[in-house]
>>> print(open('my_file-v3.cif').read())   # mmCIF, C-alpha atoms
data_work
loop_
_atom_site.group_PDB
_atom_site.id
_atom_site.type_symbol
_atom_site.label_atom_id
_atom_site.label_comp_id
_atom_site.auth_asym_id
_atom_site.auth_seq_id
_atom_site.Cartn_x
_atom_site.Cartn_y
_atom_site.Cartn_z
ATOM 1 C CA MET A 1 203.171 103.120 71.111
ATOM 2 C CA THR A 2 200.310 105.496 70.433
ATOM 3 C CA ARG A 3 196.969 103.912 69.611
ATOM 4 C CA VAL A 4 194.397 105.657 67.417
ATOM 5 C CA SER A 5 190.656 105.124 67.697
ATOM 6 C CA VAL A 6 187.684 106.321 65.684
ATOM 7 C CA GLU A 7 184.362 106.736 67.474
ATOM 8 C CA LEU A 8 181.524 105.320 65.364
ATOM 9 C CA VAL A 9 177.863 105.839 66.261
ATOM 10 C CA PRO A 10 175.786 102.613 65.970
ATOM 11 C CA ARG A 11 172.806 104.104 64.132
ATOM 12 C CA SER A 12 172.152 100.821 62.333
ATOM 13 C CA ARG A 13 173.893 97.527 61.722
ATOM 14 C CA SER A 14 174.322 98.164 58.016
ATOM 15 C CA GLY A 15 175.585 101.711 58.546
ATOM 16 C CA LEU A 16 178.089 100.626 61.168
ATOM 17 C CA ARG A 17 179.384 97.812 58.951
ATOM 18 C CA ALA A 18 179.825 100.265 56.064
ATOM 19 C CA GLU A 19 181.800 102.731 58.210
ATOM 20 C CA LEU A 20 183.967 99.940 59.606
ATOM 21 C CA ALA A 21 184.747 98.790 56.073
ATOM 22 C CA GLU A 22 185.733 102.355 55.098
ATOM 23 C CA VAL A 23 188.053 102.695 58.064
ATOM 24 C CA ALA A 24 189.620 99.288 57.456
ATOM 25 C CA ALA A 25 190.215 100.006 53.771
ATOM 26 C CA HIS A 26 191.478 103.573 53.947
ATOM 27 C CA LEU A 27 192.627 104.544 57.461
ATOM 28 C CA ARG A 28 195.458 102.148 58.122
ATOM 29 C CA GLY A 29 196.606 104.145 61.141
ATOM 30 C CA VAL A 30 193.448 103.261 63.086
ATOM 31 C CA ASP A 31 193.749 100.201 65.318
ATOM 32 C CA THR A 32 190.762 100.728 67.660
ATOM 33 C CA ILE A 33 187.048 101.490 67.397
ATOM 34 C CA ASN A 34 185.105 102.974 70.286
ATOM 35 C CA VAL A 35 181.316 102.945 70.243
ATOM 36 C CA PRO A 36 179.026 105.218 72.309
ATOM 37 C CA ASP A 37 175.843 103.901 73.899
ATOM 38 C CA LEU A 38 173.026 106.183 72.734
ATOM 39 C CA THR A 39 169.563 105.383 74.037
ATOM 40 C CA ARG A 40 167.826 106.649 70.886
ATOM 41 C CA TYR A 41 169.331 103.755 68.900
ATOM 42 C CA SER A 42 168.475 100.087 69.420
ATOM 43 C CA LEU A 43 172.022 98.809 68.833
ATOM 44 C CA ARG A 44 173.845 98.899 72.147
ATOM 45 C CA SER A 45 177.497 99.842 72.322
ATOM 46 C CA TRP A 46 178.761 96.377 73.237
ATOM 47 C CA ALA A 47 176.848 94.799 70.367
ATOM 48 C CA GLY A 48 178.233 97.450 68.007
ATOM 49 C CA CYS A 49 181.746 96.671 69.190
ATOM 50 C CA GLY A 50 181.145 93.055 68.270
ATOM 51 C CA PHE A 51 180.872 94.176 64.621
ATOM 52 C CA ALA A 52 184.375 95.711 64.878
ATOM 53 C CA ARG A 53 185.973 92.451 65.948
ATOM 54 C CA PRO A 54 188.290 90.824 65.126
ATOM 55 C CA GLY A 55 189.766 93.432 62.791
ATOM 56 C CA PHE A 56 190.053 96.133 65.456
ATOM 57 C CA ALA A 57 190.382 96.445 69.195
ATOM 58 C CA ALA A 58 186.991 97.658 70.401
ATOM 59 C CA ILE A 59 185.943 99.785 73.380
ATOM 60 C CA PRO A 60 182.227 100.092 74.207
ATOM 61 C CA HIS A 61 180.925 103.009 76.267
ATOM 62 C CA LEU A 62 178.863 101.854 79.265
ATOM 63 C CA ARG A 63 176.264 104.108 80.905
ATOM 64 C CA ALA A 64 176.287 103.330 84.629
ATOM 65 C CA VAL A 65 172.695 104.522 85.153
ATOM 66 C CA ASP A 66 171.362 101.787 82.837
ATOM 67 C CA PHE A 67 172.443 98.790 84.915
ATOM 68 C CA ASN A 68 170.456 97.377 87.807
ATOM 69 C CA PRO A 69 172.938 96.866 90.667
ATOM 70 C CA ARG A 70 170.974 93.781 91.771
ATOM 71 C CA GLU A 71 171.035 91.983 88.404
ATOM 72 C CA PRO A 72 173.869 90.463 86.324
ATOM 73 C CA LEU A 73 175.593 92.816 83.913
ATOM 74 C CA PRO A 74 174.078 91.947 80.510
ATOM 75 C CA PHE A 75 177.074 92.837 78.357
ATOM 76 C CA LEU A 76 179.693 90.575 79.947
ATOM 77 C CA PRO A 77 178.919 87.415 77.899
ATOM 78 C CA LEU A 78 179.116 89.302 74.588
ATOM 79 C CA LEU A 79 182.401 90.975 75.548
ATOM 80 C CA ALA A 80 183.895 87.607 76.421
ATOM 81 C CA GLY A 81 182.562 86.032 73.235
ATOM 82 C CA HIS A 82 184.221 88.666 71.044
ATOM 83 C CA GLY A 83 187.451 88.927 73.011
ATOM 84 C CA ILE A 84 186.744 92.524 74.062
ATOM 85 C CA ASP A 85 188.788 93.409 77.135
ATOM 86 C CA GLU A 86 188.429 97.205 77.382
ATOM 87 C CA VAL A 87 185.454 99.396 78.292
ATOM 88 C CA LEU A 88 184.781 103.076 78.962
ATOM 89 C CA VAL A 89 182.474 103.822 81.893
ATOM 90 C CA ILE A 90 180.462 107.037 82.117
ATOM 91 C CA THR A 91 177.581 107.894 84.426
ATOM 92 C CA GLY A 92 175.181 108.724 81.569
ATOM 93 C CA ASP A 93 172.522 111.373 81.149
ATOM 94 C CA ALA A 94 168.863 110.759 81.905
ATOM 95 C CA PRO A 95 167.164 109.325 78.790
ATOM 96 C CA ALA A 96 164.895 111.506 76.686
ATOM 97 C CA ASP A 97 162.219 108.829 77.063
ATOM 98 C CA MET A 98 161.231 109.266 80.699
ATOM 99 C CA SER A 99 159.628 105.812 80.727
ATOM 100 C CA ALA A 100 163.073 104.225 80.338
ATOM 101 C CA ARG A 101 164.373 102.669 83.554
ATOM 102 C CA VAL A 102 167.519 104.123 85.096
ATOM 103 C CA TYR A 103 169.180 103.462 88.435
ATOM 104 C CA ASP A 104 170.938 105.452 91.124
ATOM 105 C CA VAL A 105 174.365 104.288 89.953
ATOM 106 C CA ASP A 106 177.240 106.522 88.894
ATOM 107 C CA ALA A 107 180.519 105.890 87.105
ATOM 108 C CA VAL A 108 182.426 105.250 90.336
ATOM 109 C CA ASP A 109 179.891 102.586 91.366
ATOM 110 C CA LEU A 110 180.074 100.736 88.039
ATOM 111 C CA ILE A 111 183.870 100.932 87.859
ATOM 112 C CA ARG A 112 184.102 99.415 91.329
ATOM 113 C CA ARG A 113 181.629 96.674 90.365
ATOM 114 C CA LEU A 114 183.554 95.803 87.209
ATOM 115 C CA ARG A 115 186.797 95.554 89.148
ATOM 116 C CA ARG A 116 185.056 93.051 91.411
ATOM 117 C CA GLU A 117 183.018 91.037 88.865
ATOM 118 C CA ALA A 118 185.147 91.349 85.702
ATOM 119 C CA PRO A 119 188.758 91.950 86.768
ATOM 120 C CA GLN A 120 189.986 90.876 83.324
ATOM 121 C CA LEU A 121 188.627 94.107 81.809
ATOM 122 C CA ARG A 122 190.653 97.273 81.444
ATOM 123 C CA VAL A 123 188.263 99.996 82.555
ATOM 124 C CA TYR A 124 188.636 103.586 81.371
ATOM 125 C CA ALA A 125 186.972 106.563 83.033
ATOM 126 C CA GLY A 126 185.784 109.775 81.418
ATOM 127 C CA LEU A 127 187.309 113.206 81.916
ATOM 128 C CA ASP A 128 185.315 116.321 81.069
ATOM 129 C CA PRO A 129 187.524 119.437 81.132
ATOM 130 C CA TYR A 130 184.541 121.792 80.878
ATOM 131 C CA ARG A 131 181.802 120.745 83.320
ATOM 132 C CA GLN A 132 183.411 121.968 86.546
ATOM 133 C CA SER A 133 186.581 123.453 87.948
ATOM 134 C CA PHE A 134 189.972 121.892 87.337
ATOM 135 C CA VAL A 135 190.236 120.857 90.990
ATOM 136 C CA ARG A 136 186.793 119.247 91.175
ATOM 137 C CA GLU A 137 187.246 117.332 87.917
ATOM 138 C CA ARG A 138 190.723 116.185 88.967
ATOM 139 C CA ASP A 139 189.353 114.967 92.304
ATOM 140 C CA TYR A 140 186.437 113.218 90.582
ATOM 141 C CA LEU A 141 188.929 111.450 88.319
ATOM 142 C CA ALA A 142 190.936 110.426 91.389
ATOM 143 C CA ARG A 143 187.840 108.729 92.840
ATOM 144 C CA LYS A 144 187.371 106.796 89.587
ATOM 145 C CA LEU A 145 190.998 105.717 89.616
ATOM 146 C CA ASP A 146 190.707 104.640 93.247
ATOM 147 C CA ALA A 147 187.647 102.568 92.262
ATOM 148 C CA GLY A 148 189.720 100.687 89.680
ATOM 149 C CA ALA A 149 189.896 102.678 86.430
ATOM 150 C CA CYS A 150 193.194 102.175 84.609
ATOM 151 C CA GLY A 151 193.066 105.144 82.207
ATOM 152 C CA VAL A 152 190.916 107.928 80.841
ATOM 153 C CA PHE A 153 189.068 109.121 77.755
ATOM 154 C CA THR A 154 188.739 112.898 77.557
ATOM 155 C CA GLN A 155 185.891 114.883 76.132
ATOM 156 C CA PRO A 156 186.995 116.425 72.824
ATOM 157 C CA PHE A 157 189.485 119.270 73.049
ATOM 158 C CA PHE A 158 189.633 122.235 70.676
ATOM 159 C CA ASP A 159 192.629 124.055 72.148
ATOM 160 C CA LEU A 160 195.918 122.264 72.828
ATOM 161 C CA ARG A 161 196.774 124.771 75.541
ATOM 162 C CA VAL A 162 193.870 123.392 77.597
ATOM 163 C CA ALA A 163 194.927 119.821 76.816
ATOM 164 C CA ASP A 164 198.484 120.639 77.909
ATOM 165 C CA THR A 165 197.192 121.937 81.247
ATOM 166 C CA TRP A 166 195.320 118.676 81.808
ATOM 167 C CA ALA A 167 198.398 116.685 80.825
ATOM 168 C CA ASP A 168 200.101 118.257 83.865
ATOM 169 C CA LEU A 169 197.132 117.547 86.172
ATOM 170 C CA VAL A 170 196.598 113.824 85.552
ATOM 171 C CA PRO A 171 199.035 111.215 86.931
ATOM 172 C CA GLU A 172 202.143 111.116 84.755
ATOM 173 C CA ASP A 173 201.926 107.406 83.931
ATOM 174 C CA LEU A 174 198.147 107.350 83.347
ATOM 175 C CA PRO A 175 197.056 106.115 79.883
ATOM 176 C CA VAL A 176 195.067 108.952 78.293
ATOM 177 C CA TRP A 177 192.969 108.934 75.121
ATOM 178 C CA TRP A 178 192.947 112.573 73.976
ATOM 179 C CA GLY A 179 189.806 113.363 71.979
ATOM 180 C CA ALA A 180 188.892 115.564 69.030
ATOM 181 C CA THR A 181 185.650 115.968 67.093
ATOM 182 C CA SER A 182 184.458 117.764 63.996
ATOM 183 C CA ILE A 183 182.457 120.988 64.228
ATOM 184 C CA LEU A 184 181.330 122.108 60.795
ATOM 185 C CA THR A 185 178.376 124.427 61.417
ATOM 186 C CA GLU A 186 177.755 127.566 63.436
ATOM 187 C CA ALA A 187 174.961 125.714 65.252
ATOM 188 C CA SER A 188 177.351 122.991 66.424
ATOM 189 C CA PHE A 189 179.938 125.611 67.360
ATOM 190 C CA ASN A 190 177.387 127.470 69.477
ATOM 191 C CA TYR A 191 176.167 124.221 71.055
ATOM 192 C CA TRP A 192 179.646 123.300 72.261
ATOM 193 C CA ARG A 193 180.219 126.789 73.625
ATOM 194 C CA ALA A 194 176.830 127.305 75.285
ATOM 195 C CA ARG A 195 175.862 123.779 76.365
ATOM 196 C CA ASN A 196 179.214 122.126 76.998
ATOM 197 C CA HIS A 197 181.179 125.280 77.898
ATOM 198 C CA ALA A 198 184.011 124.159 75.636
ATOM 199 C CA VAL A 199 187.079 126.365 75.231
ATOM 200 C CA PHE A 200 188.059 127.415 71.714
ATOM 201 C CA PRO A 201 191.026 129.457 70.511
ATOM 202 C CA ARG A 202 190.248 132.733 68.769
ATOM 203 C CA SER A 203 191.486 131.246 65.499
ATOM 204 C CA PHE A 204 188.928 128.405 65.455
ATOM 205 C CA ALA A 205 186.484 128.260 62.551
ATOM 206 C CA PRO A 206 183.845 125.575 61.861
ATOM 207 C CA THR A 207 185.453 124.485 58.618
ATOM 208 C CA LEU A 208 186.732 121.110 57.486
ATOM 209 C CA ALA A 209 190.229 122.496 56.988
ATOM 210 C CA CYS A 210 190.365 123.851 60.544
ATOM 211 C CA ASN A 211 189.078 120.595 62.018
ATOM 212 C CA ARG A 212 191.547 118.499 60.033
ATOM 213 C CA ALA A 213 194.436 120.714 61.093
ATOM 214 C CA PHE A 214 193.483 120.339 64.753
ATOM 215 C CA ALA A 215 193.087 116.565 64.399
ATOM 216 C CA ALA A 216 196.653 116.365 63.070
ATOM 217 C CA ASP A 217 197.912 118.577 65.902
ATOM 218 C CA LEU A 218 196.119 116.512 68.540
ATOM 219 C CA LEU A 219 197.582 113.269 67.181
ATOM 220 C CA HIS A 220 201.059 114.795 67.338
ATOM 221 C CA PHE A 221 200.323 115.994 70.901
ATOM 222 C CA ALA A 222 199.357 112.457 71.969
ATOM 223 C CA ARG A 223 202.337 110.835 70.258
ATOM 224 C CA GLN A 224 204.778 113.245 71.878
ATOM 225 C CA ARG A 225 203.533 111.991 75.258
ATOM 226 C CA GLY A 226 203.366 108.297 74.365
ATOM 227 C CA GLN A 227 199.592 108.420 74.843
ATOM 228 C CA HIS A 228 196.574 107.776 72.609
ATOM 229 C CA ALA A 229 194.103 109.694 70.462
ATOM 230 C CA TYR A 230 190.516 109.202 69.387
ATOM 231 C CA PHE A 231 188.507 111.059 66.765
ATOM 232 C CA MET A 232 184.750 111.534 66.663
ATOM 233 C CA PRO A 233 183.468 112.417 63.169
ATOM 234 C CA VAL A 234 180.178 114.325 63.420
ATOM 235 C CA LYS A 235 178.178 115.294 60.326
ATOM 236 C CA VAL A 236 181.135 114.460 58.124
ATOM 237 C CA ASN A 237 182.346 111.344 56.364
ATOM 238 C CA VAL A 238 185.139 109.736 58.329
ATOM 239 C CA LEU A 239 187.472 109.778 55.309
ATOM 240 C CA GLU A 240 186.819 113.454 54.615
ATOM 241 C CA TYR A 241 187.714 114.196 58.233
ATOM 242 C CA LEU A 242 190.749 111.941 58.692
ATOM 243 C CA GLY A 243 191.895 110.807 55.259
ATOM 244 C CA GLY A 244 195.613 111.408 54.755
ATOM 245 C CA LEU A 245 196.209 112.513 58.370
ATOM 246 C CA LEU A 246 197.169 109.166 59.856
ATOM 247 C CA ASP A 247 200.430 107.508 58.958
ATOM 248 C CA GLU A 248 201.306 103.837 59.194
ATOM 249 C CA GLN A 249 202.875 104.106 62.649
ATOM 250 C CA THR A 250 199.971 102.378 64.390
ATOM 251 C CA ALA A 251 198.753 100.161 61.560
ATOM 252 C CA THR A 252 200.597 97.124 62.886
ATOM 253 C CA LEU A 253 198.629 97.327 66.122
ATOM 254 C CA ARG A 254 195.517 96.201 64.261
ATOM 255 C CA GLN A 255 197.129 92.792 63.807
ATOM 256 C CA ASP A 256 197.465 92.516 67.580
ATOM 257 C CA ALA A 257 193.699 92.949 67.902
ATOM 258 C CA VAL A 258 192.932 89.932 65.680
#
>>> encode(input="my_file-v3.cif", output="structure tokens")
Amino acid sequence: MTRVSVELVPRSRSGLRAELAEVAAHLRGVDTINVPDLTRYSLRSWAGCGFARPGFAAIPHLRAVDFNPREPLPFLPLLAGHGIDEVLVITGDAPADMSARVYDVDAVDLIRRLRREAPQLRVYAGLDPYRQSFVRERDYLARKLDAGACGVFTQPFFDLRVADTWADLVPEDLPVWWGATSILTEASFNYWRARNHAVFPRSFAPTLACNRAFAADLLHFARQRGQHAYFMPVKVNVLEYLGGLLDEQTATLRQDAV
């Protein structure tokens, strides 16, 4: 059955609690929360995921460059304490604060370490359809799968034709979380095109209506394939973005997360 996740940014404890309460009260189709690890905020992803339990399954993002390969992984006790058994591993960008300590560790290294030290975790890898050629990104994903990843989270898509191409490139039985995000300003639109090299259809417009229509289409795309979907609300209230788009098909999964 298709799972549906909302990505919530842990800007503050009170803000995260408020967004979780909104999702729980009004978006019954959401069974999972995934939380990015952003160095400009003090609340780490695994701590933020603790706030989502036990009402939702929770998936923290882990930045491989942040973890000293010669020291214990600091998040494992909290994950165990909250019954969190899924994580998403990315390499991570260099922090804006150059005094912050990072290590020469990439996603493949951390995935391999988690398979060795925390085999109870289901580890997802990232897939970025824009940063390099199809062949290079497919081969990079293969290395992550060989290291022990069991599935993948994509960067947000904006054109289902591109998503459909990737659906043919990844292993047929691989669990995939297909992503979508909201783009509501020309500045954000230009950022995704110029910085992330994202592919947009000619019909795309940075309006709420256009973003909601694509979110509905992406969810249908994932359900057709028996895969999963996640939605990243940016500069928009989560209910304005997703309200009324999610049916009750996945609501019962939330009970399994308790």
>>> resolve_selection(input="my_file-v3.cif", expression="the PyMOL selection byres ((chain A and resi 30) around 8)", output="PDB file with C-alpha atoms, in the coordinates of the input")
ATOM      1  CA  ARG A   3     196.969 103.912  69.611  1.00  0.00           C
ATOM      2  CA  VAL A   4     194.397 105.657  67.417  1.00  0.00           C
ATOM      3  CA  SER A   5     190.656 105.124  67.697  1.00  0.00           C
ATOM      4  CA  VAL A   6     187.684 106.321  65.684  1.00  0.00           C
ATOM      5  CA  VAL A  23     188.053 102.695  58.064  1.00  0.00           C
ATOM      6  CA  ALA A  24     189.620  99.288  57.456  1.00  0.00           C
ATOM      7  CA  LEU A  27     192.627 104.544  57.461  1.00  0.00           C
ATOM      8  CA  ARG A  28     195.458 102.148  58.122  1.00  0.00           C
ATOM      9  CA  GLY A  29     196.606 104.145  61.141  1.00  0.00           C
ATOM     10  CA  ASP A  31     193.749 100.201  65.318  1.00  0.00           C
ATOM     11  CA  THR A  32     190.762 100.728  67.660  1.00  0.00           C
ATOM     12  CA  ILE A  33     187.048 101.490  67.397  1.00  0.00           C
ATOM     13  CA  LEU A 246     197.169 109.166  59.856  1.00  0.00           C
ATOM     14  CA  THR A 250     199.971 102.378  64.390  1.00  0.00           C
ATOM     15  CA  ALA A 251     198.753 100.161  61.560  1.00  0.00           C
ATOM     16  CA  ARG A 254     195.517  96.201  64.261  1.00  0.00           C
TER      17      ARG A 254
END
>>> axis_aligned_box(input="my_file-v3.cif", around="segment 233-239 of chain A", padding_each_side="3 Å", output="AutoDock Vina command-line options")
--center_x 182.8 --center_y 112.5 --center_z 59.4 --size_x 15.3 --size_y 11.6 --size_z 14.1
>>> closest_residue(input="my_file-v3.cif", among="A:Ile59, A:Thr181, A:Tyr191, A:Leu219", to="Lys235 of chain A", atoms="only C-alpha atoms")
A:Thr181
>>> atom_distance(input="my_file-v3.cif", atom1="atom CA of Leu169 of chain A", atom2="atom CA of Pro129 of chain A")
11.0 Å
>>> resolve_selection(input="my_file-v3.cif", expression="the PyMOL selection byres ((chain A and resi 75-91) around 7)", output="list of chain:residue names")
A:Trp46, A:Gly50, A:Arg53, A:Ala58, A:Ile59, A:Pro60, A:His61, A:Leu62, A:Arg63, A:Ala64, A:Val65, A:Leu73, A:Pro74, A:Gly92, A:Asp93, A:Asp106, A:Ala107, A:Ile111, A:Gln120, A:Leu121, A:Arg122, A:Val123, A:Tyr124, A:Ala125, A:Gly126
>>> write_last_selection(input="my_file-v3.cif", atoms="C-alpha atoms", output="PDB file, in the frame of the given file")
ATOM      1  CA  TRP A  46     178.761  96.377  73.237  1.00  0.00           C
ATOM      2  CA  GLY A  50     181.145  93.055  68.270  1.00  0.00           C
ATOM      3  CA  ARG A  53     185.973  92.451  65.948  1.00  0.00           C
ATOM      4  CA  ALA A  58     186.991  97.658  70.401  1.00  0.00           C
ATOM      5  CA  ILE A  59     185.943  99.785  73.380  1.00  0.00           C
ATOM      6  CA  PRO A  60     182.227 100.092  74.207  1.00  0.00           C
ATOM      7  CA  HIS A  61     180.925 103.009  76.267  1.00  0.00           C
ATOM      8  CA  LEU A  62     178.863 101.854  79.265  1.00  0.00           C
ATOM      9  CA  ARG A  63     176.264 104.108  80.905  1.00  0.00           C
ATOM     10  CA  ALA A  64     176.287 103.330  84.629  1.00  0.00           C
ATOM     11  CA  VAL A  65     172.695 104.522  85.153  1.00  0.00           C
ATOM     12  CA  LEU A  73     175.593  92.816  83.913  1.00  0.00           C
ATOM     13  CA  PRO A  74     174.078  91.947  80.510  1.00  0.00           C
ATOM     14  CA  GLY A  92     175.181 108.724  81.569  1.00  0.00           C
ATOM     15  CA  ASP A  93     172.522 111.373  81.149  1.00  0.00           C
ATOM     16  CA  ASP A 106     177.240 106.522  88.894  1.00  0.00           C
ATOM     17  CA  ALA A 107     180.519 105.890  87.105  1.00  0.00           C
ATOM     18  CA  ILE A 111     183.870 100.932  87.859  1.00  0.00           C
ATOM     19  CA  GLN A 120     189.986  90.876  83.324  1.00  0.00           C
ATOM     20  CA  LEU A 121     188.627  94.107  81.809  1.00  0.00           C
ATOM     21  CA  ARG A 122     190.653  97.273  81.444  1.00  0.00           C
ATOM     22  CA  VAL A 123     188.263  99.996  82.555  1.00  0.00           C
ATOM     23  CA  TYR A 124     188.636 103.586  81.371  1.00  0.00           C
ATOM     24  CA  ALA A 125     186.972 106.563  83.033  1.00  0.00           C
ATOM     25  CA  GLY A 126     185.784 109.775  81.418  1.00  0.00           C
TER      26      GLY A 126
END
>>> closest_residue(input="my_file-v3.cif", among="A:Ser203, A:Val9, A:Leu127, A:Gly48", to="Arg143 of chain A", atoms="only C-alpha atoms")
A:Leu127
>>> closest_residue(input="my_file-v3.cif", among="A:Asn34, A:Ser133, A:Asn68, A:Asn211", to="Leu110 of chain A", atoms="all atoms listed in the file")
A:Asn68
>>> closest_residue(input="my_file-v3.cif", among="A:Gly244, A:Pro10, A:Pro175, A:Pro156", to="Asn196 of chain A", atoms="only C-alpha atoms")
A:Pro156
>>> atom_distance(input="my_file-v3.cif", atom1="atom CA of Ser12 of chain A", atom2="atom CA of Gly179 of chain A")
23.7 Å
>>> resolve_selection(input="my_file-v3.cif", expression="the PyMOL selection byres ((chain A and resi 207) around 9)", output="list in words")
Ser182, Ile183, Leu184, Thr185, Phe204, Ala205, Pro206, Leu208, Ala209, Cys210, Asn211 and Arg212 of chain A
>>> atom_distance(input="my_file-v3.cif", atom1="atom CA of Leu114 of chain A", atom2="atom CA of Arg131 of chain A")
25.3 Å
>>> closest_residue(input="my_file-v3.cif", among="A:Arg101, A:His26, A:Arg161, A:Lys144", to="Arg113 of chain A", atoms="all atoms listed in the file")
A:Lys144
>>> closest_residue(input="my_file-v3.cif", among="A:Arg70, A:Arg17, A:His197, A:Arg225", to="Gln155 of chain A", atoms="all atoms listed in the file")
A:His197
>>> residues_around(input="my_file-v3.cif", residues="Phe134 of chain A", least_positions_apart="5", cutoff="12 Å", atoms="all atoms listed in the file", output="list in words")
Leu127, Asp128, Pro129, Asp139, Tyr140, Leu141, Val162, Ala163, Thr165, Trp166, Ala167, Asp168, Leu169 and Val170 of chain A
>>> decode(input="my_file-v3.cif", residues="segment 150-169 of chain A", atoms="N, CA and C atoms", output="PDB file, in the first residue's frame")
ATOM      1  N   CYS A 150      17.892   0.272   1.222  1.00  0.00           N
ATOM      2  CA  CYS A 150      16.778  -0.606   0.862  1.00  0.00           C
ATOM      3  C   CYS A 150      15.737   0.106   0.001  1.00  0.00           C
ATOM      4  N   GLY A 151      15.916   1.396  -0.250  1.00  0.00           N
ATOM      5  CA  GLY A 151      14.951   2.175  -1.017  1.00  0.00           C
ATOM      6  C   GLY A 151      15.507   3.557  -1.265  1.00  0.00           C
ATOM      7  N   VAL A 152      14.662   4.433  -1.814  1.00  0.00           N
ATOM      8  CA  VAL A 152      15.167   5.737  -2.247  1.00  0.00           C
ATOM      9  C   VAL A 152      14.120   6.818  -2.057  1.00  0.00           C
ATOM     10  N   PHE A 153      14.591   8.009  -1.668  1.00  0.00           N
ATOM     11  CA  PHE A 153      13.814   9.235  -1.709  1.00  0.00           C
ATOM     12  C   PHE A 153      14.337  10.066  -2.874  1.00  0.00           C
ATOM     13  N   THR A 154      13.447  10.529  -3.732  1.00  0.00           N
ATOM     14  CA  THR A 154      13.876  11.377  -4.843  1.00  0.00           C
ATOM     15  C   THR A 154      13.901  12.845  -4.416  1.00  0.00           C
ATOM     16  N   GLN A 155      14.666  13.637  -5.139  1.00  0.00           N
ATOM     17  CA  GLN A 155      14.457  15.077  -5.084  1.00  0.00           C
ATOM     18  C   GLN A 155      13.070  15.360  -5.669  1.00  0.00           C
ATOM     19  N   PRO A 156      12.481  16.499  -5.364  1.00  0.00           N
ATOM     20  CA  PRO A 156      11.158  16.792  -5.930  1.00  0.00           C
ATOM     21  C   PRO A 156      11.159  16.791  -7.458  1.00  0.00           C
ATOM     22  N   PHE A 157      10.103  16.224  -8.013  1.00  0.00           N
ATOM     23  CA  PHE A 157       9.861  16.288  -9.452  1.00  0.00           C
ATOM     24  C   PHE A 157       8.835  17.379  -9.737  1.00  0.00           C
ATOM     25  N   PHE A 158       8.861  17.870 -10.979  1.00  0.00           N
ATOM     26  CA  PHE A 158       7.892  18.859 -11.442  1.00  0.00           C
ATOM     27  C   PHE A 158       7.274  18.459 -12.769  1.00  0.00           C
ATOM     28  N   ASP A 159       7.762  17.347 -13.324  1.00  0.00           N
ATOM     29  CA  ASP A 159       7.282  16.850 -14.612  1.00  0.00           C
ATOM     30  C   ASP A 159       7.207  15.331 -14.507  1.00  0.00           C
ATOM     31  N   LEU A 160       6.009  14.773 -14.652  1.00  0.00           N
ATOM     32  CA  LEU A 160       5.842  13.329 -14.500  1.00  0.00           C
ATOM     33  C   LEU A 160       6.510  12.547 -15.622  1.00  0.00           C
ATOM     34  N   ARG A 161       6.797  13.198 -16.742  1.00  0.00           N
ATOM     35  CA  ARG A 161       7.513  12.492 -17.799  1.00  0.00           C
ATOM     36  C   ARG A 161       8.934  12.157 -17.354  1.00  0.00           C
ATOM     37  N   VAL A 162       9.555  13.055 -16.590  1.00  0.00           N
ATOM     38  CA  VAL A 162      10.892  12.780 -16.050  1.00  0.00           C
ATOM     39  C   VAL A 162      10.808  11.691 -14.991  1.00  0.00           C
ATOM     40  N   ALA A 163       9.800  11.774 -14.125  1.00  0.00           N
ATOM     41  CA  ALA A 163       9.611  10.744 -13.100  1.00  0.00           C
ATOM     42  C   ALA A 163       9.395   9.378 -13.750  1.00  0.00           C
ATOM     43  N   ASP A 164       8.633   9.326 -14.826  1.00  0.00           N
ATOM     44  CA  ASP A 164       8.356   8.064 -15.499  1.00  0.00           C
ATOM     45  C   ASP A 164       9.638   7.467 -16.080  1.00  0.00           C
ATOM     46  N   THR A 165      10.522   8.310 -16.588  1.00  0.00           N
ATOM     47  CA  THR A 165      11.809   7.823 -17.085  1.00  0.00           C
ATOM     48  C   THR A 165      12.604   7.178 -15.954  1.00  0.00           C
ATOM     49  N   TRP A 166      12.638   7.842 -14.795  1.00  0.00           N
ATOM     50  CA  TRP A 166      13.362   7.279 -13.658  1.00  0.00           C
ATOM     51  C   TRP A 166      12.700   6.011 -13.139  1.00  0.00           C
ATOM     52  N   ALA A 167      11.392   5.906 -13.243  1.00  0.00           N
ATOM     53  CA  ALA A 167      10.716   4.690 -12.818  1.00  0.00           C
ATOM     54  C   ALA A 167      11.199   3.483 -13.627  1.00  0.00           C
ATOM     55  N   ASP A 168      11.606   3.717 -14.877  1.00  0.00           N
ATOM     56  CA  ASP A 168      12.135   2.638 -15.716  1.00  0.00           C
ATOM     57  C   ASP A 168      13.611   2.369 -15.455  1.00  0.00           C
ATOM     58  N   LEU A 169      14.318   3.309 -14.808  1.00  0.00           N
ATOM     59  CA  LEU A 169      15.759   3.158 -14.599  1.00  0.00           C
ATOM     60  C   LEU A 169      16.103   2.497 -13.272  1.00  0.00           C
TER      61      LEU A 169
END
